[in-house]
file data-v2.pdb (PDB, C-alpha atoms)
ATOM      1  CA  MET G 413       1.940 -12.858  -4.318  1.00  0.00           C
ATOM      2  CA  LYS G 414       1.779 -11.882  -0.682  1.00  0.00           C
ATOM      3  CA  VAL G 415       2.621  -8.801   1.339  1.00  0.00           C
ATOM      4  CA  LYS G 416       3.501  -8.630   4.995  1.00  0.00           C
ATOM      5  CA  PHE G 417       2.848  -5.899   7.531  1.00  0.00           C
ATOM      6  CA  PHE G 418       5.180  -5.568  10.504  1.00  0.00           C
ATOM      7  CA  TYR G 419       7.049  -3.229  12.825  1.00  0.00           C
ATOM      8  CA  LYS G 420      10.785  -2.648  12.937  1.00  0.00           C
ATOM      9  CA  LEU G 421      12.658  -1.637  16.040  1.00  0.00           C
ATOM     10  CA  ALA G 422      14.837   1.481  15.890  1.00  0.00           C
ATOM     11  CA  LYS G 423      18.285   1.405  17.508  1.00  0.00           C
ATOM     12  CA  ILE G 424      16.917   3.405  20.427  1.00  0.00           C
ATOM     13  CA  GLY G 425      14.326   0.693  21.101  1.00  0.00           C
ATOM     14  CA  LYS G 426      11.334   2.557  19.704  1.00  0.00           C
ATOM     15  CA  LEU G 427       9.021   1.062  17.075  1.00  0.00           C
ATOM     16  CA  TRP G 428       9.196   2.492  13.580  1.00  0.00           C
ATOM     17  CA  PRO G 429       5.881   3.217  11.859  1.00  0.00           C
ATOM     18  CA  PRO G 430       4.213   0.101  10.417  1.00  0.00           C
ATOM     19  CA  ASP G 431       5.893  -1.237   7.298  1.00  0.00           C
ATOM     20  CA  CYS G 432       4.658  -3.247   4.305  1.00  0.00           C
ATOM     21  CA  ASP G 433       6.862  -5.414   2.089  1.00  0.00           C
ATOM     22  CA  VAL G 434       6.221  -7.783  -0.784  1.00  0.00           C
ATOM     23  CA  ILE G 435       7.318 -11.258   0.304  1.00  0.00           C
ATOM     24  CA  ASP G 436      10.145 -12.523  -1.937  1.00  0.00           C
ATOM     25  CA  ASP G 437       9.997  -9.166  -3.736  1.00  0.00           C
ATOM     26  CA  GLU G 438      13.001  -9.975  -5.920  1.00  0.00           C
ATOM     27  CA  LYS G 439      10.795 -12.461  -7.807  1.00  0.00           C
ATOM     28  CA  TYR G 440       8.286  -9.818  -8.905  1.00  0.00           C
ATOM     29  CA  ASP G 441       8.004  -6.539 -10.755  1.00  0.00           C
ATOM     30  CA  VAL G 442       9.865  -4.020  -8.567  1.00  0.00           C
ATOM     31  CA  ASN G 443       6.946  -1.606  -8.820  1.00  0.00           C
ATOM     32  CA  TYR G 444       4.844  -3.801  -6.529  1.00  0.00           C
ATOM     33  CA  SER G 445       7.326  -2.886  -3.789  1.00  0.00           C
ATOM     34  CA  ARG G 446       7.915   0.705  -4.871  1.00  0.00           C
ATOM     35  CA  TYR G 447       4.350   1.743  -5.439  1.00  0.00           C
ATOM     36  CA  LEU G 448       1.852  -0.766  -4.089  1.00  0.00           C
ATOM     37  CA  ALA G 449       3.533  -1.576  -0.785  1.00  0.00           C
ATOM     38  CA  GLY G 450       4.738   2.012  -0.486  1.00  0.00           C
ATOM     39  CA  ALA G 451       1.234   3.376  -0.972  1.00  0.00           C
ATOM     40  CA  VAL G 452       0.246   2.482   2.582  1.00  0.00           C
ATOM     41  CA  TRP G 453       3.472   3.444   4.339  1.00  0.00           C
ATOM     42  CA  GLU G 454       2.278   6.881   5.468  1.00  0.00           C
ATOM     43  CA  MET G 455      -1.066   5.524   6.720  1.00  0.00           C
ATOM     44  CA  ARG G 456      -0.534   5.278  10.457  1.00  0.00           C
ATOM     45  CA  TYR G 457      -4.134   5.101  11.686  1.00  0.00           C
ATOM     46  CA  VAL G 458      -7.253   3.146  10.800  1.00  0.00           C
ATOM     47  CA  SER G 459      -8.905   6.482   9.988  1.00  0.00           C
ATOM     48  CA  ASP G 460      -6.224   7.111   7.291  1.00  0.00           C
ATOM     49  CA  VAL G 461      -7.135   3.846   5.589  1.00  0.00           C
ATOM     50  CA  ASP G 462     -10.862   4.451   6.036  1.00  0.00           C
ATOM     51  CA  ARG G 463     -10.618   7.822   4.243  1.00  0.00           C
ATOM     52  CA  GLU G 464      -8.951   6.107   1.303  1.00  0.00           C
ATOM     53  CA  LEU G 465     -11.545   3.317   1.250  1.00  0.00           C
ATOM     54  CA  ASP G 466     -14.382   5.866   1.399  1.00  0.00           C
ATOM     55  CA  GLU G 467     -13.012   7.614  -1.708  1.00  0.00           C
ATOM     56  CA  ILE G 468     -12.622   4.274  -3.489  1.00  0.00           C
ATOM     57  CA  GLU G 469     -16.252   3.519  -2.702  1.00  0.00           C
ATOM     58  CA  ARG G 470     -17.198   6.824  -4.373  1.00  0.00           C
ATOM     59  CA  VAL G 471     -15.229   5.773  -7.485  1.00  0.00           C
ATOM     60  CA  GLU G 472     -16.815   2.313  -7.537  1.00  0.00           C
ATOM     61  CA  SER G 473     -20.320   3.747  -7.192  1.00  0.00           C
ATOM     62  CA  GLY G 474     -19.734   6.139 -10.086  1.00  0.00           C
ATOM     63  CA  GLU G 475     -20.092   9.232  -7.903  1.00  0.00           C
ATOM     64  CA  ILE G 476     -16.627  10.334  -9.051  1.00  0.00           C
ATOM     65  CA  GLU G 477     -14.524   9.090 -11.974  1.00  0.00           C
ATOM     66  CA  CYS G 478     -11.126   9.251 -10.287  1.00  0.00           C
ATOM     67  CA  PHE G 479      -9.654   9.750  -6.839  1.00  0.00           C
ATOM     68  CA  GLU G 480      -6.196  11.319  -6.613  1.00  0.00           C
ATOM     69  CA  THR G 481      -4.041  10.384  -3.645  1.00  0.00           C
ATOM     70  CA  GLY G 482      -0.410   9.423  -2.996  1.00  0.00           C
ATOM     71  CA  THR G 483       2.608   9.929  -0.782  1.00  0.00           C
ATOM     72  CA  GLU G 484       5.421  12.446  -0.555  1.00  0.00           C
ATOM     73  CA  ILE G 485       7.322  10.622  -3.311  1.00  0.00           C
ATOM     74  CA  PHE G 486       4.635   9.470  -5.740  1.00  0.00           C
ATOM     75  CA  PHE G 487       1.128  10.215  -6.923  1.00  0.00           C
ATOM     76  CA  THR G 488      -1.745   7.791  -7.306  1.00  0.00           C
ATOM     77  CA  PHE G 489      -4.898   7.908  -9.430  1.00  0.00           C
ATOM     78  CA  VAL G 490      -7.646   5.456  -8.491  1.00  0.00           C
ATOM     79  CA  TYR G 491     -10.127   4.462 -11.215  1.00  0.00           C
ATOM     80  CA  LYS G 492     -12.842   1.789 -11.265  1.00  0.00           C
ATOM     81  CA  ASP G 493     -10.671  -0.699 -13.160  1.00  0.00           C
ATOM     82  CA  ARG G 494      -7.109   0.236 -12.185  1.00  0.00           C
ATOM     83  CA  VAL G 495      -4.807   2.289  -9.994  1.00  0.00           C
ATOM     84  CA  GLU G 496      -2.091   4.314 -11.739  1.00  0.00           C
ATOM     85  CA  PHE G 497       1.137   5.406 -10.061  1.00  0.00           C
ATOM     86  CA  GLY G 498       3.855   7.847 -11.067  1.00  0.00           C
ATOM     87  CA  SER G 499       6.665   9.787  -9.430  1.00  0.00           C
ATOM     88  CA  ASP G 500       8.201  13.189 -10.012  1.00  0.00           C
ATOM     89  CA  PHE G 501      10.554  12.610  -7.080  1.00  0.00           C
ATOM     90  CA  TYR G 502      12.292   9.459  -8.358  1.00  0.00           C
ATOM     91  CA  ASP G 503      13.054   8.359 -11.893  1.00  0.00           C
ATOM     92  CA  TRP G 504      10.570   5.505 -11.623  1.00  0.00           C
ATOM     93  CA  PRO G 505       8.433   4.478 -14.594  1.00  0.00           C
ATOM     94  CA  ASP G 506       4.690   4.999 -14.430  1.00  0.00           C
ATOM     95  CA  TRP G 507       2.943   1.800 -13.367  1.00  0.00           C
ATOM     96  CA  SER G 508      -0.521   0.458 -12.650  1.00  0.00           C
ATOM     97  CA  CYS G 509      -2.158  -2.394 -10.768  1.00  0.00           C
ATOM     98  CA  THR G 510      -5.710  -3.592 -10.394  1.00  0.00           C
ATOM     99  CA  LEU G 511      -8.083  -1.865  -8.024  1.00  0.00           C
ATOM    100  CA  ASP G 512      -8.534  -5.225  -6.277  1.00  0.00           C
ATOM    101  CA  GLU G 513      -4.787  -5.457  -5.502  1.00  0.00           C
ATOM    102  CA  TYR G 514      -4.783  -1.922  -4.141  1.00  0.00           C
ATOM    103  CA  LYS G 515      -7.846  -2.535  -1.981  1.00  0.00           C
ATOM    104  CA  ARG G 516      -6.387  -5.767  -0.596  1.00  0.00           C
ATOM    105  CA  VAL G 517      -3.257  -3.911   0.529  1.00  0.00           C
ATOM    106  CA  LEU G 518      -5.396  -1.196   2.123  1.00  0.00           C
ATOM    107  CA  LEU G 519      -7.595  -3.728   3.912  1.00  0.00           C
ATOM    108  CA  GLY G 520      -4.497  -5.588   5.085  1.00  0.00           C
ATOM    109  CA  LYS G 521      -3.042  -2.380   6.469  1.00  0.00           C
ATOM    110  CA  LYS G 522      -6.310  -1.633   8.258  1.00  0.00           C
ATOM    111  CA  ALA G 523      -6.380  -5.099   9.829  1.00  0.00           C
ATOM    112  CA  PHE G 524      -2.726  -4.758  10.856  1.00  0.00           C
ATOM    113  CA  LEU G 525      -3.338  -1.387  12.491  1.00  0.00           C
ATOM    114  CA  MET G 526      -5.996  -3.056  14.656  1.00  0.00           C
ATOM    115  CA  LEU G 527      -3.402  -5.438  16.112  1.00  0.00           C
ATOM    116  CA  PRO G 528      -1.424  -4.493  19.219  1.00  0.00           C
ATOM    117  CA  LYS G 529       1.345  -2.002  18.450  1.00  0.00           C
ATOM    118  CA  GLU G 530       4.280  -4.244  19.343  1.00  0.00           C
ATOM    119  CA  ILE G 531       7.249  -5.813  17.599  1.00  0.00           C
ATOM    120  CA  GLU G 532       5.569  -9.239  17.569  1.00  0.00           C
ATOM    121  CA  SER G 533       2.592  -8.000  15.529  1.00  0.00           C
ATOM    122  CA  TYR G 534       2.720  -9.361  12.009  1.00  0.00           C
ATOM    123  CA  LEU G 535       0.199  -9.883   9.228  1.00  0.00           C
ATOM    124  CA  GLU G 536       0.644 -11.610   5.891  1.00  0.00           C
ATOM    125  CA  ILE G 537      -1.986 -11.395   3.143  1.00  0.00           C
ATOM    126  CA  LYS G 538      -2.390 -12.614  -0.407  1.00  0.00           C
ATOM    127  CA  ILE G 539      -2.925  -9.760  -2.883  1.00  0.00           C
ATOM    128  CA  ASN G 540      -3.064 -11.657  -6.190  1.00  0.00           C
ATOM    129  CA  ASP G 541      -2.467 -15.047  -7.796  1.00  0.00           C
ATOM    130  CA  ILE G 542       0.958 -14.236  -9.253  1.00  0.00           C
ATOM    131  CA  GLU G 543       3.418 -16.881  -8.048  1.00  0.00           C
ATOM    132  CA  LYS G 544       7.014 -17.229  -9.156  1.00  0.00           C
TER
END

call {"tool": "encode", "arguments": {"input": "data-v2.pdb", "output": "structure tokens"}}
result
Amino acid sequence: MKVKFFYKLAKIGKLWPPDCDVIDDEKYDVNYSRYLAGAVWEMRYVSDVDRELDEIERVESGEIECFETGTEIFFTFVYKDRVEFGSDFYDWPDWSCTLDEYKRVLLGKKAFLMLPKEIESYLEIKINDIEK
């Protein structure tokens, strides 16, 4: 499975914030698009991603057991072996993915944010071996 990072152009000609979508998302569990791709939507700067990665490093080192994060519409709990998602805003089921999948999306977002901020900027990354 792959995700792509890109910009969309608003009707007024201005770039929307960077977006992340699962490629061929209809083939996969919808929660990859809802939660995993959505988890990085509000991260607009490299420093936003770095803060998240720093907290994950604390979890991986055993300094803390869990890191709580999320967006306006869902909450996220990061553990050493998994990342759990849930929403009180939407009637979405709770869901989890591997920490590796979550980190790959974060690292992809960081790399994308380092590209020029223009409509032509695009990055596609593999996040797991699921293929359908």

call {"tool": "atom_distance", "arguments": {"input": "data-v2.pdb", "atom1": "CA of Glu477 (chain G)", "atom2": "CA of Ser499 (chain G)"}}
result
21.4 Å

call {"tool": "closest_residue", "arguments": {"input": "data-v2.pdb", "among": "G:Asp433, G:Phe501, G:Ile539, G:Ile531", "to": "Tyr514 (chain G)", "atoms": "all atoms listed in the file"}}
result
G:Ile539

call {"tool": "closest_residue", "arguments": {"input": "data-v2.pdb", "among": "G:Tyr491, G:Trp453, G:Trp504, G:Tyr444", "to": "Val471 (chain G)", "atoms": "all atoms listed in the file"}}
result
G:Tyr491

call {"tool": "residues_around", "arguments": {"input": "data-v2.pdb", "residues": "Thr481 (chain G)", "least_positions_apart": "2", "cutoff": "12 Å", "atoms": "all atoms listed in the file", "output": "PyMOL selection string"}}
result
chain G and resi 451-452+454-455+460-461+463-465+467-468+478-479+483-491+495-498

call {"tool": "closest_residue", "arguments": {"input": "data-v2.pdb", "among": "G:Phe417, G:Val458, G:Gly482, G:Asp506", "to": "Ile435 (chain G)", "atoms": "all atoms listed in the file"}}
result
G:Phe417

call {"tool": "closest_residue", "arguments": {"input": "data-v2.pdb", "among": "G:Lys529, G:Lys439, G:Lys515, G:Lys538", "to": "Leu421 (chain G)", "atoms": "all atoms listed in the file"}}
result
G:Lys529

call {"tool": "residues_around", "arguments": {"input": "data-v2.pdb", "residues": "Leu427 (chain G)", "least_positions_apart": "3", "cutoff": "12 Å", "atoms": "all atoms listed in the file", "output": "list in words"}}
result
Phe418, Tyr419, Lys420, Leu421, Ala422, Lys423, Ile424, Pro430, Asp431, Lys529, Glu530, Ile531, Glu532 and Ser533 of chain G

call {"tool": "residues_around", "arguments": {"input": "data-v2.pdb", "residues": "Asp436 (chain G)", "least_positions_apart": "2", "cutoff": "12 Å", "atoms": "all atoms listed in the file", "output": "PyMOL selection string"}}
result
chain G and resi 413-416+433-434+438-442+444-445+542-544

call {"tool": "closest_residue", "arguments": {"input": "data-v2.pdb", "among": "G:Met526, G:Leu448, G:Leu511, G:Tyr457", "to": "Glu469 (chain G)", "atoms": "only C-alpha atoms"}}
result
G:Leu511

call {"tool": "closest_residue", "arguments": {"input": "data-v2.pdb", "among": "G:Arg494, G:Asn443, G:Pro429, G:Leu525", "to": "Trp507 (chain G)", "atoms": "all atoms listed in the file"}}
result
G:Asn443

call {"tool": "atom_distance", "arguments": {"input": "data-v2.pdb", "atom1": "CA of Arg516 (chain G)", "atom2": "CA of Gly450 (chain G)"}}
result
13.6 Å

call {"tool": "atom_distance", "arguments": {"input": "data-v2.pdb", "atom1": "CA of Gly520 (chain G)", "atom2": "CA of Ala449 (chain G)"}}
result
10.7 Å

call {"tool": "axis_aligned_box", "arguments": {"input": "data-v2.pdb", "around": "region 496-500 of chain G", "padding_each_side": "6 Å", "output": "lines of an AutoDock Vina configuration file"}}
result
center_x = 3.1
center_y = 8.8
center_z = -10.6
size_x = 22.3
size_y = 20.9
size_z = 14.3
